[in-house]
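I have placed the structure first, in the form of structure tokens, so that the comments after it can refer back to it.
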Amino acid sequence: MSHSKTTKRGKSLYIDKWNPAAKRFINTCKICGAQGYAPSIEEEGFVLDGGGNINGEHRAIRAELKKTFKPLELDAHGRCSHCAERMDNG
């Protein structure tokens with residue numbers, strides 16, 4: 001049985017079991033708890049190592065995060081744009 005049949009929606013066996021270090025690229029809003037990947041993984045330099053070679057681990061992390069989550073940018077207070085807008089406007 002493939003692991004996709006035992007994994008819940010929004011979860012990834014790769015992130016949870018095989019490469020838990022990928023969790024550092026997941027942003028979580030401190031107000032509503034929404035999760036998404038850090039937009040910084042979309043930059044070209046993310047998959048390149050210091051010598052300009054492709055880092056296979058980072059390429060796999062980026063692919064899995066983009067497949068599982070949507071981008072989520074946080075402000076300086078750790079809030080998503082939706083929560084920041086609602087809190088700033090009253």
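By convention here, the chains of the structure tokens are called A, B, ... in the order presented, each chain's residues are numbered starting at 1, and ligands are numbered starting at 1 in the order presented.
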
Q: Mind checking which residues fall within 12 Å of A:Glu85, counting only C-alpha atoms, ignoring those fewer than 5 positions away in the same chain, and posting them as a ChimeraX atom specification?
A: /A:31,74-75,79-80,90

**Q.** Residue contacts of A:Ala60 (10 Å, only C-alpha atoms) excluding same-chain residues fewer than 6 positions away, as a ChimeraX atom specification
**A.** /A:14,19,22,47,66

Q: Pick out the closest residue to A:Thr28 from this set: A:Leu72, A:Ile61, A:Cys83, A:Ile41. Count only C-alpha atoms.
A: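 Of the candidates, the smallest distance to A:Thr28 is held by A:Leu72.
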
Q. Which distance in Å separates atom CA of A:Phe46 and atom CA of A:Ile26, to one decimal?
A.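 Taking atom CA of A:Phe46 as the start and atom CA of A:Ile26 as the end point, the length is 14.4 Å.
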
Q: Rank A:Glu42, A:Asn89, A:Gly78, A:Asn27 by their smallest atom-to-atom distance to A:Ala63, using only C-alpha atoms, and report the top residue only.
A: A:Glu42

(Q) For a test of reading the model, state the distance in Å between atom CA of A:Ala34 and atom CA of A:Gly56, rounded to one decimal. (A) 28.1 Å

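Across A:Arg62, A:Lys23, A:Arg86, A:His77, the tightest approach to A:Gln35 is made by A:Lys23 when counting only C-alpha atoms.
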
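Rounded to one decimal, atom CA of A:Arg24 and atom CA of A:Ser40 lie 11.6 Å from each other.
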
Q | Polymer residues at most 7 Å from A:Phe69, only C-alpha atoms, same-chain spacing of 3 or more positions, as number ranges by chain | A | A: 10, 36-37, 65-66

Take the selection from the previous step and output its residues with N, CA and C atoms, as a compact mmCIF listing (two decimals), in the first residue's frame.
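What ended up in selection_34.txt:
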```txt
# COMPACT_ATOMS: atom_id res chain seq x y z
N GLY A 10 -2.97 17.31 3.90
CA GLY A 10 -2.19 18.37 4.53
C GLY A 10 -1.01 17.86 5.32
N GLY A 36 1.74 27.20 6.25
CA GLY A 36 2.15 27.27 4.86
C GLY A 36 3.66 27.29 4.80
N TYR A 37 4.19 27.17 3.60
CA TYR A 37 5.65 27.18 3.49
C TYR A 37 6.17 28.60 3.43
N LEU A 65 7.17 20.55 0.09
CA LEU A 65 6.44 21.64 0.74
C LEU A 65 5.46 22.29 -0.21
N LYS A 66 5.86 22.50 -1.46
CA LYS A 66 4.96 23.12 -2.43
C LYS A 66 3.79 22.20 -2.77
```
